[in-house]
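**Q** Next up, upload.txt (compact mmCIF, C-alpha atoms).
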# COMPACT_ATOMS: atom_id res chain seq x y z
CA MET A 20 -11.57 85.17 -115.43
CA LEU A 21 -12.38 87.80 -112.91
CA ILE A 22 -11.91 87.12 -109.17
CA ASP A 23 -14.43 88.50 -106.76
CA TRP A 24 -12.21 89.38 -103.88
CA PHE A 25 -15.11 90.33 -101.75
CA THR A 26 -16.61 86.95 -102.17
CA VAL A 27 -13.27 85.33 -101.54
CA GLY A 28 -12.76 87.40 -98.46
CA ALA A 29 -16.24 86.62 -97.23
CA GLN A 30 -15.70 82.91 -97.77
CA VAL A 31 -12.34 83.01 -96.01
CA LEU A 32 -13.95 84.86 -93.13
CA ASN A 33 -16.80 82.40 -93.05
CA PHE A 34 -14.28 79.57 -93.10
CA LEU A 35 -12.31 81.05 -90.24
CA ILE A 36 -15.47 81.62 -88.26
CA LEU A 37 -16.53 78.05 -88.96
CA VAL A 38 -13.13 76.76 -87.86
CA TRP A 39 -13.30 78.80 -84.68
CA LEU A 40 -16.85 77.66 -84.00
CA LEU A 41 -15.90 74.06 -84.58
CA LYS A 42 -12.89 74.37 -82.35
CA ARG A 43 -14.84 76.29 -79.77
CA PHE A 44 -17.95 74.17 -79.59
CA LEU A 45 -16.99 70.83 -81.13
CA TYR A 46 -13.33 69.87 -81.07
CA LYS A 47 -12.52 71.32 -77.67
CA PRO A 48 -15.40 69.51 -75.80
CA ILE A 49 -14.57 66.36 -77.70
CA LEU A 50 -10.88 66.61 -76.85
CA HIS A 51 -11.75 67.51 -73.28
CA ALA A 52 -14.11 64.54 -73.10
CA ILE A 53 -11.38 62.37 -74.58
CA ASP A 54 -8.86 63.69 -72.04
CA GLU A 55 -11.28 63.17 -69.19
CA ARG A 56 -12.03 59.69 -70.40
CA GLU A 57 -8.34 58.88 -70.70
CA LYS A 58 -7.75 60.26 -67.24
CA ARG A 59 -10.69 58.27 -65.89
CA ILE A 60 -9.46 55.16 -67.65
CA ALA A 61 -5.95 55.76 -66.32
CA THR A 62 -7.35 56.32 -62.84
CA GLU A 63 -9.47 53.23 -63.10
CA LEU A 64 -6.51 51.26 -64.35
CA ALA A 65 -4.42 52.60 -61.50
CA ASN A 66 -7.18 51.76 -59.07
CA ALA A 67 -7.49 48.34 -60.62
CA ASP A 68 -3.75 47.78 -60.28
CA LYS A 69 -3.93 48.99 -56.69
CA LYS A 70 -6.85 46.72 -55.92
CA LYS A 71 -5.07 43.89 -57.68
CA ALA A 72 -1.99 44.51 -55.57
CA GLU A 73 -4.12 44.70 -52.44
CA ALA A 74 -5.93 41.52 -53.46
CA GLN A 75 -2.59 39.82 -54.06
CA LYS A 76 -1.36 41.06 -50.73
CA GLU A 77 -4.52 39.85 -49.02
CA ARG A 78 -4.20 36.56 -50.87
CA ASP A 79 -0.59 36.23 -49.72
CA GLU A 80 -1.56 37.14 -46.16
CA PHE A 81 -4.45 34.69 -46.25
CA GLN A 82 -2.17 31.97 -47.59
CA HIS A 83 0.41 32.82 -44.92
CA LYS A 84 -2.26 32.69 -42.24
CA ASN A 85 -3.48 29.37 -43.60
CA GLU A 86 0.05 28.04 -43.43
CA GLU A 87 0.41 29.32 -39.86
CA LEU A 88 -2.94 27.77 -38.96
CA ASP A 89 -1.85 24.49 -40.52
CA GLN A 90 1.37 24.61 -38.55
CA GLN A 91 -0.48 25.49 -35.34
CA ARG A 92 -3.02 22.77 -35.99
CA ALA A 93 -0.24 20.25 -36.62
CA ALA A 94 1.56 21.42 -33.47
CA LEU A 95 -1.64 21.24 -31.39
CA LEU A 96 -2.47 17.85 -32.85
CA GLY A 97 1.04 16.60 -32.07
CA LYS A 98 0.87 18.05 -28.57
CA ALA A 99 -2.56 16.53 -27.99
CA THR A 100 -1.31 13.18 -29.30
CA ASN A 101 1.75 13.31 -27.04
CA GLU A 102 -0.35 14.33 -24.05
CA ALA A 103 -2.85 11.56 -24.81
CA GLN A 104 -0.04 9.02 -25.04
CA ALA A 105 1.54 10.35 -21.86
CA GLU A 106 -1.83 10.23 -20.07
CA ARG A 107 -2.43 6.72 -21.39
CA GLN A 108 0.99 5.63 -20.19
CA ARG A 109 0.38 7.29 -16.82
CA LEU A 110 -2.97 5.55 -16.45
CA LEU A 111 -1.38 2.26 -17.45
CA ASP A 112 1.41 2.80 -14.91
CA GLU A 113 -1.09 3.71 -12.21
CA ALA A 114 -3.24 0.72 -13.09
CA ARG A 115 -0.18 -1.53 -13.04
CA LYS A 116 0.96 -0.09 -9.70
CA ALA A 117 -2.56 -0.39 -8.28
CA ALA A 118 -2.73 -3.98 -9.51
CA ALA A 119 0.68 -4.68 -7.97
CA VAL A 120 -0.35 -3.07 -4.67
CA LEU A 121 -3.65 -4.96 -4.68
CA SER A 122 -1.86 -8.20 -5.51
CA SER A 123 0.67 -7.52 -2.75
CA LYS A 124 -2.13 -6.75 -0.27
CA LEU A 125 -4.01 -9.88 -1.32
CA GLN A 126 -0.86 -11.96 -0.94
CA GLU A 127 -0.12 -10.34 2.42
CA THR A 128 -3.70 -10.89 3.55
CA SER A 129 -3.54 -14.48 2.36
CA ARG A 130 -0.23 -15.00 4.15
CA ASN A 131 -1.58 -13.38 7.31
CA GLU A 132 -4.73 -15.49 7.19
CA GLU A 133 -2.70 -18.61 6.51
CA HIS A 134 -0.29 -17.71 9.29
CA ALA A 135 -3.15 -16.96 11.67
CA LEU A 136 -4.81 -20.25 10.71
CA HIS A 137 -1.58 -22.17 11.29
CA GLN A 138 -1.12 -20.45 14.64
CA ALA A 139 -4.72 -21.15 15.60
CA ILE A 140 -4.34 -24.80 14.57
CA ARG A 141 -1.05 -25.09 16.48
CA ARG A 142 -2.52 -23.42 19.57
CA ARG A 143 -5.69 -25.46 19.41
CA THR A 144 -3.70 -28.66 18.88
CA GLN A 145 -1.42 -27.77 21.75
CA GLN A 146 -4.36 -26.95 24.01
CA GLU A 147 -6.19 -30.12 23.03
CA VAL A 148 -3.09 -32.30 23.51
CA PHE A 149 -2.36 -30.91 26.95
CA ALA A 150 -6.05 -30.91 27.88
CA ILE A 151 -6.29 -34.56 26.86
CA ALA A 152 -3.09 -35.33 28.78
CA ARG A 153 -4.40 -33.59 31.88
CA LYS A 154 -7.80 -35.29 31.55
CA ALA A 155 -6.16 -38.68 31.11
CA LEU A 156 -3.88 -38.14 34.11
CA THR A 157 -6.83 -36.93 36.17
CA ASP A 158 -8.86 -39.98 35.20
CA LEU A 159 -5.92 -42.29 35.95
CA ALA A 160 -5.14 -40.67 39.30
CA THR A 161 -6.02 -42.94 42.25
CA THR A 162 -5.37 -43.02 45.95
CA SER A 163 -2.57 -45.55 45.53
CA LEU A 164 -0.95 -43.32 42.92
CA GLU A 165 -1.22 -40.35 45.23
CA GLU A 166 0.41 -42.41 47.97
CA ARG A 167 3.29 -43.21 45.65
CA LEU A 168 3.56 -39.53 44.79
CA GLY A 169 3.68 -38.79 48.52
CA GLU A 170 6.70 -41.04 48.81
CA VAL A 171 8.39 -39.23 45.92
CA PHE A 172 7.55 -35.88 47.52
CA THR A 173 9.02 -37.02 50.84
CA ARG A 174 12.23 -38.09 49.10
CA ARG A 175 12.47 -34.74 47.33
CA LEU A 176 12.11 -32.93 50.66
CA ARG A 177 15.05 -34.92 52.04
CA GLU A 178 17.15 -34.36 48.88
CA MET A 179 16.68 -30.58 48.54
CA ASP A 180 19.80 -28.58 47.71
CA GLY A 181 21.27 -26.09 50.16
CA LYS A 182 19.84 -22.92 48.57
CA MET A 183 16.28 -24.25 48.33
CA LYS A 184 16.54 -25.78 51.82
CA ALA A 185 17.74 -22.50 53.33
CA GLY A 186 14.96 -20.55 51.64
CA LEU A 187 12.27 -22.97 52.78
CA ALA A 188 13.73 -23.02 56.34
CA GLU A 189 13.57 -19.20 56.47
CA ALA A 190 9.98 -19.23 55.17
CA LEU A 191 8.94 -21.85 57.75
CA LYS A 192 10.66 -19.91 60.52
CA THR A 193 8.99 -16.58 59.70
CA ALA A 194 5.56 -18.01 58.85
CA SER A 195 2.78 -17.00 61.20
CA GLY A 196 0.70 -20.09 60.49
CA PRO A 197 1.27 -23.77 59.77
CA ALA A 198 2.67 -24.96 56.47
CA ILE A 199 0.00 -26.25 54.09
CA VAL A 200 0.40 -29.52 52.22
CA ARG A 201 -2.12 -29.87 49.41
CA SER A 202 -2.93 -33.01 47.40
CA ALA A 203 -5.68 -34.10 45.02
CA PHE A 204 -6.78 -36.91 47.39
CA ASP A 205 -6.86 -37.25 51.16
CA LEU A 206 -3.51 -38.65 52.22
CA PRO A 207 -3.62 -41.57 54.63
CA ALA A 208 -2.21 -41.17 58.13
CA GLU A 209 0.96 -43.03 57.21
CA GLN A 210 1.72 -40.61 54.34
CA ARG A 211 0.98 -37.60 56.51
CA ALA A 212 3.25 -38.94 59.23
CA ALA A 213 6.00 -39.61 56.68
CA ILE A 214 5.78 -36.06 55.29
CA GLN A 215 5.73 -34.62 58.84
CA ASN A 216 8.79 -36.67 59.83
CA ALA A 217 10.61 -35.68 56.61
CA LEU A 218 10.01 -32.00 57.38
CA ASN A 219 11.07 -32.35 61.03
CA GLU A 220 14.22 -34.25 60.12
CA THR A 221 15.13 -31.97 57.18
CA PHE A 222 14.85 -28.77 59.20
CA SER A 223 15.66 -30.24 62.65
CA ALA A 224 12.58 -28.68 64.17
CA GLU A 225 8.94 -29.40 64.85
CA ILE A 226 7.16 -28.09 61.77
CA ARG A 227 3.46 -27.34 62.03
CA VAL A 228 1.65 -28.76 59.00
CA ARG A 229 -1.96 -28.65 57.83
CA PHE A 230 -3.07 -31.10 55.15
CA GLU A 231 -5.67 -30.08 52.58
CA THR A 232 -7.15 -31.55 49.43
CA ALA A 233 -7.02 -29.70 46.09
CA PRO A 234 -8.85 -31.49 43.25
CA ASP A 235 -7.24 -29.14 40.72
CA LEU A 236 -3.83 -30.73 41.36
CA ILE A 237 -3.08 -33.41 38.78
CA SER A 238 -1.20 -36.26 40.42
CA GLY A 239 0.98 -34.18 42.71
CA ILE A 240 1.65 -32.67 46.12
CA GLU A 241 2.69 -29.15 47.06
CA LEU A 242 3.92 -27.44 50.21
CA THR A 243 3.27 -23.73 50.68
CA THR A 244 4.39 -21.49 53.52
CA ASN A 245 4.83 -17.73 53.79
CA GLY A 246 4.46 -17.28 50.01
CA LEU A 247 7.02 -19.98 49.14
CA LYS A 248 5.93 -23.17 47.40
CA VAL A 249 7.65 -26.51 46.97
CA ALA A 250 5.72 -28.87 44.73
CA TRP A 251 6.04 -31.98 42.66
CA SER A 252 3.36 -33.10 40.24
CA ILE A 253 2.92 -34.39 36.75
CA ALA A 254 1.17 -31.08 36.01
CA ASP A 255 4.52 -29.34 36.52
CA TYR A 256 6.06 -31.48 33.82
CA LEU A 257 3.12 -30.70 31.55
CA ALA A 258 3.47 -26.97 32.26
CA SER A 259 7.20 -27.12 31.53
CA LEU A 260 6.52 -29.01 28.30
CA GLU A 261 3.79 -26.54 27.34
CA LYS A 262 6.13 -23.61 28.00
CA GLY A 263 8.79 -25.21 25.83
CA VAL A 264 6.28 -25.75 23.01
CA ASP A 265 5.16 -22.10 23.32
CA GLU A 266 8.75 -20.90 23.06
CA LEU A 267 9.33 -23.15 20.05
CA MET A 268 6.22 -21.74 18.35
CA LYS A 269 7.36 -18.18 19.07
CA GLU A 270 10.76 -18.91 17.55
CA GLN A 271 9.06 -20.39 14.49
CA ASP A 272 6.86 -17.29 14.17
CA LYS A 273 9.94 -15.04 14.36
CA ARG A 274 11.69 -17.02 11.62
CA GLU A 275 8.59 -16.81 9.42
CA ALA A 276 8.30 -13.06 10.08
CA LYS A 277 11.95 -12.59 9.05
CA ALA A 278 11.49 -14.74 5.96
CA GLU A 279 8.45 -12.81 4.68
CA PRO A 280 10.30 -9.51 3.84
CA LYS A 281 12.96 -11.49 1.97
CA ALA A 282 10.31 -13.28 -0.06
CA GLU A 283 8.57 -9.96 -0.85
CA ALA A 284 11.87 -8.34 -1.91
CA LYS A 285 12.63 -11.33 -4.13
CA ALA A 286 9.18 -11.13 -5.71
CA LYS A 287 9.57 -7.38 -6.35
CA SER A 288 13.00 -7.86 -7.91
CA LYS A 289 11.58 -10.13 -10.61
CA PRO A 290 11.19 -8.39 -14.02
CA GLU A 291 7.76 -7.69 -15.33
CA ASP A 292 6.20 -10.03 -17.82
CA PRO A 293 7.38 -8.91 -21.31
CA LYS A 294 4.11 -10.06 -22.78
CA LEU A 295 2.21 -7.68 -20.57
CA GLU A 296 4.60 -4.84 -21.41
CA THR A 297 4.25 -5.45 -25.15
CA LYS A 298 0.51 -5.66 -24.84
CA SER A 299 0.31 -2.42 -22.88
CA LYS A 300 2.28 -0.62 -25.58
Written as structure tokens, that's how I'd like the structure from this file.
**A**
Amino acid sequence: MLIDWFTVGAQVLNFLILVWLLKRFLYKPILHAIDEREKRIATELANADKKKAEAQKERDEFQHKNEELDQQRAALLGKATNEAQAERQRLLDEARKAAAVLSSKLQETSRNEEHALHQAIRRRTQQEVFAIARKALTDLATTSLEERLGEVFTRRLREMDGKMKAGLAEALKTASGPAIVRSAFDLPAEQRAAIQNALNETFSAEIRVRFETAPDLISGIELTTNGLKVAWSIADYLASLEKGVDELMKEQDKREAKAEPKAEAKAKSKPEDPKLETKSK
């Protein structure tokens, strides 16, 4: 068999040209496209991993922030609850104190009103009793009674002690006018003469005397001269008794005033009602 080397050479050349053309225009673009695609895929995968990592990071941060928000919310809620309880307790304490103050003021007002009422009743009773006594003595006073009182007054002039006698003698001596003897009724001449003689004998001198009537005197006689007065009347006894009653009432008021702070301190020292405390909680 004969070999056509020219044909063989031409075919080999054609084959080489075909291989070069394929490599040049087919395999190389395909390989390049494959490389580019692999690079793009690798880049996309890297980007995806990066985004996944960023997403995970953001997820972790979001979860961390949620946890912080939960903690802050719990802390704020606890703080608000504590503040609300503290405010509630403060309002309860203020209300309790205000109620205690109001109760104390009401009790004090009640005690003051009761005390004032008792004082008014005592004063009114005292005034009425002495007014009735004076009215009764005034109604019972007669001329004969006044004459008897004149005798008592004369005896008192004669029985004066040394100090009172000396003072009255000095007043009579330095007086520019006559001594004045006042009585509720006109004294008869005998009584006037007896009083005049008692004065003359007591002071061993002629004493000038002027007799006057004074309806305001209740069963009594008085002698006044140079600002000095010597008197005897039932009204004096009533005045002394009234003064004693006034002093007794004042002492009673002082004892009540001293007893009130002790009663208030005792009331404050009592513990609060446990039922109220439990209820308030």
**Q** Quick one: of A:Lys69, A:His134, A:His83, A:Lys192, who's nearest to Ile226 in chain A, counting all atoms listed in the file?
**A**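 Checking each of A:Lys69, A:His134, A:His83, A:Lys192 against Ile226 in chain A, counting all atoms listed in the file, the winner is A:Lys192.
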**Q** So that I can see what lies close to range 203-217 of chain A, please list as a PDB file with C-alpha atoms, keeping the file's coordinate frame the residues with an atom at most 6 Å from it, counting all atoms listed in the file and leaving out residues fewer than 4 positions away in the same chain.
**A**
ATOM      1  CA  THR A 173       9.020 -37.020  50.840  1.00  0.00           C
ATOM      2  CA  THR A 221      15.130 -31.970  57.180  1.00  0.00           C
ATOM      3  CA  THR A 232      -7.150 -31.550  49.430  1.00  0.00           C
ATOM      4  CA  ALA A 233      -7.020 -29.700  46.090  1.00  0.00           C
ATOM      5  CA  PRO A 234      -8.850 -31.490  43.250  1.00  0.00           C
ATOM      6  CA  LEU A 236      -3.830 -30.730  41.360  1.00  0.00           C
TER       7      LEU A 236
END
**Q** Go ahead and compute the interatomic distance for CA of Gly169 in chain A and CA of Glu231 in chain A, in Å to one decimal.
**A** 13.4 Å
**Q** Rounded to one decimal in Å, what is the spacing between CA of Leu191 in chain A and CA of Arg174 in chain A?
**A**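 Spanning CA of Leu191 in chain A to CA of Arg174 in chain A is a straight-line distance of 18.7 Å.
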**Q** Neighbours of range 176-180 of chain A within 10 Å (all atoms listed in the file; same-chain residues fewer than 2 positions away dropped), as an MDAnalysis selection string?
**A** chainID A and resid 170:174 182:185 187 214 217:218 220:222 242 249:250
**Q** State, in Å with one decimal place, the distance from CA of Asn85 in chain A to CA of Ala103 in chain A.
**A** 25.9 Å
**Q** Residues within 10 Å of Asn245 in chain A, please, as a list in words. Count all atoms listed in the file; anything in the same chain fewer than 4 positions from it doesn't count.
**A** Leu187, Glu189, Ala190, Leu191, Lys192, Thr193, Ala194, Ser195, Gly196, Pro197, Ala198 and Ile199 of chain A
**Q** Return as AutoDock Vina command-line options the box centre and box size in Å, one decimal, for an axis-aligned box around all listed atoms of range 99-115 of chain A padded by 5 Å per side.
**A**
--center_x -0.7 --center_y 7.5 --center_z -20.8 --size_x 15.0 --size_y 28.1 --size_z 27.1
